[in-house]
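This is query-v5.cif. It holds mmCIF, C-alpha atoms.
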```
data_run
loop_
_atom_site.label_atom_id
_atom_site.label_comp_id
_atom_site.auth_asym_id
_atom_site.auth_seq_id
_atom_site.Cartn_x
_atom_site.Cartn_y
_atom_site.Cartn_z
CA MET S 255 33.27 35.30 -31.45
CA CYS S 256 34.32 38.96 -31.40
CA GLN S 257 34.51 39.04 -27.58
CA ALA S 258 38.00 37.51 -27.77
CA TYR S 259 39.23 40.64 -29.57
CA ASP S 260 39.61 44.17 -28.25
CA ALA S 261 37.66 45.53 -31.23
CA CYS S 262 35.54 44.02 -33.99
CA ILE S 263 33.74 45.82 -36.83
CA ILE S 264 31.91 44.83 -40.01
CA CYS S 265 32.20 47.15 -42.99
CA ARG S 266 31.88 47.55 -46.76
CA ILE S 267 34.48 48.59 -49.33
CA HIS S 268 33.30 51.32 -51.70
CA PRO S 269 34.86 51.47 -55.19
CA LYS S 270 34.85 55.29 -55.25
CA ASN S 271 37.02 55.47 -52.13
CA VAL S 272 39.39 52.87 -53.58
CA PHE S 273 39.68 54.99 -56.74
CA GLU S 274 40.54 58.10 -54.71
CA TYR S 275 43.00 56.11 -52.59
CA ASN S 276 44.74 54.79 -55.71
CA LYS S 277 44.98 58.30 -57.12
CA VAL S 278 46.60 59.83 -54.04
CA CYS S 279 48.95 56.84 -53.56
CA GLY S 280 50.18 56.75 -57.16
CA PHE S 281 48.45 53.65 -58.55
CA SER S 282 47.37 53.78 -62.18
CA ALA S 283 43.73 54.53 -63.01
CA ASP S 284 43.22 51.09 -64.58
CA TYR S 285 44.65 49.09 -61.66
CA THR S 286 42.10 46.34 -60.93
CA GLY S 287 43.54 44.99 -57.71
CA LEU S 288 43.01 46.18 -54.15
CA PRO S 289 46.26 47.77 -52.92
CA ALA S 290 47.98 45.78 -50.18
CA CYS S 291 47.76 48.64 -47.68
CA TYR S 292 44.14 49.58 -48.39
CA LEU S 293 42.59 47.25 -45.82
CA GLU S 294 44.77 48.86 -43.15
CA LEU S 295 42.40 51.86 -43.36
CA PHE S 296 39.68 49.78 -41.72
CA THR S 297 41.94 49.12 -38.71
CA ILE S 298 42.38 52.82 -37.88
CA LYS S 299 39.08 53.22 -36.02
CA PRO S 300 39.37 50.04 -33.90
CA MET S 301 43.01 50.85 -33.13
CA MET S 302 42.00 54.33 -31.95
CA GLU S 303 39.40 52.74 -29.68
CA ILE S 304 42.05 50.41 -28.29
CA VAL S 305 44.81 52.96 -27.62
CA THR S 306 42.39 55.42 -25.99
CA SER S 307 40.88 52.73 -23.76
CA HIS S 308 41.93 52.58 -20.11
CA HIS S 309 42.77 48.91 -20.75
CA PHE S 310 45.61 49.89 -23.11
CA GLY S 311 48.95 49.69 -21.36
CA LEU S 312 50.48 52.90 -22.74
CA SER S 313 49.54 56.55 -22.88
CA PRO S 314 48.09 57.36 -26.33
CA LEU S 315 49.98 60.66 -26.37
CA GLY S 316 53.17 60.63 -28.42
CA LEU S 317 52.82 57.11 -29.86
CA ILE S 318 55.10 56.56 -32.86
CA HIS S 319 54.26 54.18 -35.72
CA LEU S 320 57.50 52.24 -35.77
CA ARG S 321 56.85 49.19 -37.92
CA GLN S 322 54.20 47.55 -40.10
CA THR S 323 53.83 44.00 -41.35
CA ILE S 324 51.15 42.82 -43.75
CA ASN S 325 50.30 39.35 -45.00
CA ILE S 326 47.99 38.95 -47.99
CA ARG S 327 46.53 35.47 -47.60
CA GLN S 328 44.35 35.49 -50.73
CA PRO S 329 44.51 37.58 -53.90
CA LEU S 330 42.65 40.88 -53.43
CA THR S 331 40.66 41.83 -56.53
CA LEU S 332 38.63 45.01 -56.61
CA ALA S 333 35.57 43.36 -58.18
CA ALA S 334 35.31 40.62 -55.55
CA MET S 335 36.00 42.86 -52.57
CA THR S 336 33.50 45.56 -53.61
CA ALA S 337 30.58 43.39 -54.74
CA GLU S 338 27.18 44.66 -53.53
CA ASP S 339 26.60 41.72 -51.22
CA SER S 340 30.18 41.70 -49.96
CA SER S 341 31.32 42.79 -46.51
CA ILE S 342 34.46 42.31 -44.44
CA THR S 343 35.00 41.74 -40.73
CA VAL S 344 37.94 43.43 -39.03
CA LYS S 345 39.16 42.09 -35.69
CA THR S 346 41.87 43.94 -33.81
CA LYS S 347 43.67 43.25 -30.55
CA VAL S 348 46.87 44.01 -28.63
CA THR S 349 49.16 40.99 -28.80
CA GLU S 350 52.36 42.07 -27.05
CA TYR S 351 54.23 44.76 -25.11
CA ARG S 352 58.05 44.90 -25.21
CA THR S 353 60.56 47.14 -23.47
CA THR S 354 63.49 48.29 -25.59
CA HIS S 355 66.27 50.82 -25.18
CA ARG S 356 63.99 53.41 -26.81
CA GLY S 357 60.90 52.81 -24.70
CA VAL S 358 57.99 50.37 -24.88
CA GLU S 359 56.70 48.80 -28.08
CA ALA S 360 53.14 47.54 -28.47
CA ASP S 361 52.03 45.19 -31.25
CA ILE S 362 48.43 45.59 -32.40
CA SER S 363 47.30 42.77 -34.67
CA SER S 364 44.41 42.96 -37.12
CA VAL S 365 42.72 40.25 -39.15
CA VAL S 366 40.37 40.91 -42.07
CA THR S 367 38.02 38.13 -43.08
CA LYS S 368 35.47 37.80 -45.88
CA ASP S 369 32.91 34.98 -45.78
CA GLU S 370 34.84 33.59 -42.77
CA SER S 371 38.00 33.28 -44.86
CA VAL S 372 41.14 35.19 -43.82
CA MET S 373 42.10 37.65 -46.55
CA TRP S 374 44.54 40.01 -44.84
CA GLU S 375 46.57 40.18 -41.64
CA GLY S 376 48.55 43.08 -40.27
CA VAL S 377 50.64 43.98 -37.24
CA THR S 378 51.13 47.63 -36.33
CA THR S 379 54.00 48.27 -33.93
CA LEU S 380 53.75 51.46 -31.88
CA LEU S 381 56.50 52.97 -29.75
CA SER S 382 56.05 54.93 -26.54
CA ARG S 383 59.19 56.62 -25.20
CA ASN S 384 57.68 56.41 -21.71
CA LYS S 385 58.93 53.08 -20.31
CA ALA S 386 56.06 52.68 -17.86
CA ILE S 387 53.30 50.24 -18.78
CA ARG S 388 50.04 50.93 -16.97
CA GLY S 389 49.17 47.96 -14.80
CA LYS S 390 51.47 45.62 -16.71
CA ASP S 391 54.68 43.73 -16.13
CA HIS S 392 57.13 45.59 -18.35
CA SER S 393 59.88 42.99 -18.39
CA LYS S 394 61.69 42.73 -21.69
CA GLY S 395 59.84 40.74 -24.35
CA ARG S 396 61.16 38.99 -27.43
CA THR S 397 63.60 40.80 -29.68
CA HIS S 398 62.15 41.88 -32.99
CA THR S 399 63.63 40.24 -36.06
CA PRO S 400 64.91 42.89 -38.47
CA VAL S 401 63.68 43.08 -42.05
CA SER S 402 66.87 41.56 -43.37
CA GLN S 403 69.37 39.46 -41.43
CA ASP S 404 71.81 39.52 -44.32
CA HIS S 405 74.92 41.50 -43.36
CA THR S 406 75.15 42.88 -46.90
CA ASP S 407 72.97 45.81 -47.92
CA PRO S 408 70.32 44.40 -50.30
CA LEU S 409 69.94 47.87 -51.85
CA ALA S 410 73.65 48.50 -52.38
CA HIS S 411 73.18 47.57 -56.05
CA HIS S 412 69.53 48.52 -56.50
CA HIS S 413 67.91 47.80 -59.84
CA GLU S 414 65.45 50.66 -60.10
CA THR S 415 65.01 54.21 -58.83
CA VAL S 416 61.72 56.10 -58.92
CA GLU S 417 61.73 59.82 -58.11
CA VAL S 418 58.56 61.10 -56.40
CA GLN S 419 57.53 64.70 -55.87
CA VAL S 420 55.59 64.87 -52.59
CA GLY S 421 53.23 67.83 -52.60
CA GLY S 422 52.34 69.83 -49.52
CA ASP S 423 48.70 68.73 -49.82
CA VAL S 424 49.38 64.97 -49.78
CA GLY S 425 48.64 64.72 -46.06
CA ARG S 426 45.22 66.34 -46.48
CA ARG S 427 44.38 64.23 -49.54
CA TYR S 428 45.39 61.02 -47.79
CA ALA S 429 43.47 62.03 -44.66
CA ALA S 430 40.34 62.42 -46.80
CA VAL S 431 40.50 58.79 -47.97
CA SER S 432 41.93 57.23 -44.79
CA GLY S 433 40.17 59.15 -42.03
CA ASP S 434 43.52 59.82 -40.30
CA TYR S 435 43.36 63.56 -39.62
CA ASN S 436 46.22 63.79 -37.14
CA PRO S 437 47.22 67.49 -37.25
CA HIS S 438 50.93 66.97 -37.96
CA HIS S 439 49.95 65.60 -41.41
CA LEU S 440 47.74 68.50 -42.51
CA TYR S 441 49.32 71.96 -42.51
CA GLY S 442 52.61 73.57 -41.58
CA TRP S 443 51.03 75.54 -38.73
CA THR S 444 49.31 72.48 -37.23
CA ALA S 445 52.53 70.49 -37.47
CA ARG S 446 54.51 73.25 -35.74
CA LEU S 447 52.14 73.07 -32.78
CA ILE S 448 53.44 69.53 -32.22
CA GLY S 449 57.10 70.36 -32.85
CA TYR S 450 57.60 69.63 -36.55
CA PRO S 451 58.96 72.35 -38.86
CA ARG S 452 56.45 71.37 -41.60
CA GLN S 453 53.68 68.85 -42.08
CA ILE S 454 54.82 65.22 -42.41
CA ALA S 455 53.54 62.45 -44.65
CA HIS S 456 51.51 59.57 -43.21
CA GLY S 457 53.77 56.56 -42.83
CA MET S 458 51.19 54.31 -44.49
CA TRP S 459 50.93 56.70 -47.44
CA THR S 460 54.70 56.45 -47.85
CA LEU S 461 54.51 52.65 -47.78
CA SER S 462 51.59 52.49 -50.20
CA ARG S 463 53.26 54.97 -52.58
CA CYS S 464 56.32 52.74 -52.52
CA LEU S 465 54.23 49.65 -53.32
CA ALA S 466 52.53 51.51 -56.17
CA ALA S 467 55.87 51.31 -57.97
CA LEU S 468 55.35 47.52 -57.91
CA GLU S 469 51.70 47.48 -58.96
CA GLY S 470 52.39 45.26 -61.99
CA LYS S 471 53.68 42.53 -59.68
CA GLN S 472 50.90 42.77 -57.06
CA LEU S 473 47.79 41.87 -59.03
CA GLY S 474 46.46 38.46 -58.03
CA CYS S 475 49.41 37.76 -55.72
CA CYS S 476 49.73 36.59 -52.15
CA MET S 477 52.55 38.43 -50.43
CA SER S 478 54.17 39.43 -47.17
CA ILE S 479 55.32 42.98 -46.45
CA GLU S 480 57.67 44.18 -43.73
CA ALA S 481 58.34 47.90 -43.31
CA ASN S 482 60.34 49.95 -40.82
CA PHE S 483 59.59 53.67 -40.55
CA LYS S 484 62.81 55.61 -40.06
CA ARG S 485 62.47 59.40 -40.28
CA PRO S 486 59.52 61.75 -40.84
CA LEU S 487 59.01 62.79 -44.46
CA LEU S 488 58.56 66.57 -44.46
CA MET S 489 56.23 67.99 -47.11
CA PRO S 490 56.62 69.30 -49.69
CA GLY S 491 59.68 67.31 -50.64
CA VAL S 492 61.35 65.01 -53.15
CA VAL S 493 62.24 61.38 -52.46
CA ASN S 494 63.68 58.44 -54.34
CA ILE S 495 62.17 54.96 -54.12
CA LEU S 496 64.95 52.39 -54.45
CA LEU S 497 64.02 48.84 -55.49
CA SER S 498 66.12 45.69 -55.58
CA GLU S 499 64.84 42.24 -56.55
CA LYS S 500 66.28 39.00 -55.20
CA SER S 501 65.13 35.38 -55.66
CA ASN S 502 65.31 32.91 -52.78
CA THR S 503 65.15 29.18 -53.41
CA ASP S 504 63.59 26.94 -50.79
CA VAL S 505 63.72 23.15 -50.78
CA SER S 506 60.54 21.39 -49.68
CA SER S 507 58.87 18.02 -49.95
CA LEU S 508 55.51 19.55 -49.01
CA GLY S 509 52.85 20.77 -51.39
CA VAL S 510 53.50 24.44 -50.74
CA LYS S 511 51.88 26.85 -53.17
CA GLU S 512 54.95 28.45 -54.68
CA THR S 513 56.64 28.52 -58.09
CA ARG S 514 58.08 25.11 -58.89
CA ASP S 515 61.57 25.19 -60.40
CA GLU S 516 62.94 21.67 -60.57
CA GLU S 517 63.26 18.32 -58.85
CA ARG S 518 66.41 17.87 -56.79
CA ASN S 519 67.38 15.02 -54.48
CA GLY S 520 63.82 13.79 -54.34
CA CYS S 521 62.49 17.18 -53.26
CA THR S 522 60.85 19.97 -55.18
CA THR S 523 62.58 23.34 -55.18
CA PHE S 524 60.53 26.52 -55.08
CA THR S 525 61.47 30.12 -55.73
CA LYS S 526 60.24 33.09 -53.74
CA THR S 527 60.93 36.61 -54.91
CA ASP S 528 61.99 39.29 -52.43
CA ILE S 529 61.92 42.93 -53.39
CA PHE S 530 63.76 45.21 -50.99
CA PHE S 531 62.72 48.86 -50.99
CA CYS S 532 63.83 52.12 -49.47
CA VAL S 533 62.37 55.61 -49.58
CA GLU S 534 65.14 58.16 -49.14
CA ASP S 535 65.53 61.92 -49.29
CA VAL S 536 66.96 63.01 -52.65
CA ALA S 537 69.27 65.63 -51.15
CA THR S 538 70.54 63.89 -47.98
CA GLN S 539 69.95 60.22 -48.90
CA GLU S 540 68.58 59.69 -45.41
CA PRO S 541 65.98 56.89 -45.32
CA HIS S 542 62.36 57.53 -44.42
CA LEU S 543 61.24 53.93 -44.92
CA GLN S 544 62.93 50.57 -45.47
CA GLY S 545 61.43 47.18 -46.03
CA ARG S 546 60.82 44.08 -48.06
CA VAL S 547 58.03 42.49 -50.08
CA THR S 548 58.02 38.71 -50.50
CA PHE S 549 55.84 37.36 -53.31
CA CYS S 550 54.89 33.73 -52.97
#
```
Go ahead and render the structure in this file as structure tokens.
Amino acid sequence: MCQAYDACIICRIHPKNVFEYNKVCGFSADYTGLPACYLELFTIKPMMEIVTSHHFGLSPLGLIHLRQTINIRQPLTLAAMTAEDSSITVKTKVTEYRTTHRGVEADISSVVTKDESVMWEGVTTLLSRNKAIRGKDHSKGRTHTPVSQDHTDPLAHHHETVEVQVGGDVGRRYAAVSGDYNPHHLYGWTARLIGYPRQIAHGMWTLSRCLAALEGKQLGCCMSIEANFKRPLLMPGVVNILLSEKSNTDVSSLGVKETRDEERNGCTTFTKTDIFFCVEDVATQEPHLQGRVTFC
């Protein structure tokens, strides 16, 4: 079954590591869910195997994490996911290459299953500024759909602002729980070797820290997350997390598992809640991360 994927691993979730992850990402000590981004940690090793393989169409040097999507298919509770007899299977593969004006994008898809049931799905989009694809046809692929197609800024009238102090050791602390020890995240001197003035935060830490501001809404929920990484977050630093909530009403005659509002014209209306988020620099207001969470 795993032969159809570029990488397949079976692993266990340890409560102690989840506790340390929650602490570094800003979740409360009594949070009983499994953070939406936590399972992404188990995709790091198979993705590294993929991008360093000669079968991968791009050079692994200089790859930029451009975008991340996550779909939570079933509620993730810490007790169920960390039970002694519990294990998860992670399957990862390259699904698409696209040429854009900035270079070539590669989508790497991961699926996490437990007891043969899909719990979590994610797509990591990487950008290579080198437009050559090794041994591939690099004709232009589909155009990516942006996070929001609304011409109005969903965060123009944001409802909540959370200020976050990002310490200079966050990269090292996150590396300890994630296993991502890329040097530009660790120290100023290691980051300068790669061309950064100071160490930069992991993009997935930034996303998870943003979602920690919504932890009260996440427990027991299925959700979809779309995130675009904009600019590196230099550490230490101070950022604001901007949050704006919006309800979308869908009309359906199908038995979709959503919140029922009312009967209208023989159909049932359902409400989905979108929360738009942005992580921006306090001083310059330049965005580091923008995205949307849809609870369903």
For Met335 in chain S: contacts at 9 Å, all atoms listed in the file, fewer than 5 positions along chain excluded, given as a list in words
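Everything that qualifies: Arg266, Ile267, His268, Leu288, Leu330, Ser340, Ser341, Ile342 and Lys368 of chain S.
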Restricting the calculation to all atoms listed in the file: of S:Leu315, S:Gln322, S:Glu370, S:Val416, which residue gets closest to Ile448 in chain S?
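Nearest candidate to Ile448 in chain S out of S:Leu315, S:Gln322, S:Glu370, S:Val416: S:Leu315.
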Contacts of Met489 in chain S at 7 Å (only C-alpha atoms; same-chain gap of 6+ positions) as a PyMOL selection string
chain S and resi 420-422+452-455
Would you mind listing what lies within 8 Å of range 374-381 of chain S as a PyMOL selection string, with only C-alpha atoms counted and same-chain residues fewer than 5 positions away left out?
chain S and resi 293-294+317-328+357-367
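For the atom pair formed by CA of Asp528 in chain S and CA of Lys484 in chain S, the distance is 20.5 Å, given to one decimal.
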Separation of CA of Pro289 in chain S from CA of Ser501 in chain S in Å:
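Distance reported for this atom pair: 22.7 Å.
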Taking (47.0, 61.7, -49.6) as a centre in this file's frame and 7 Å as the limit, can you find every polymer residue with an atom that close, using all atoms listed in the file, and give them as a list in words?
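All residues meeting the 7 Å criterion around (47.0, 61.7, -49.6) are Val278, Cys279, Val424, Gly425, Arg426, Arg427, Tyr428, Ala429 and Trp459 of chain S.
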Closest of S:Gln544, S:Thr286, S:Ser432, S:Gln539 to Leu461 in chain S - atom-to-atom distances counting only C-alpha atoms
S:Gln544
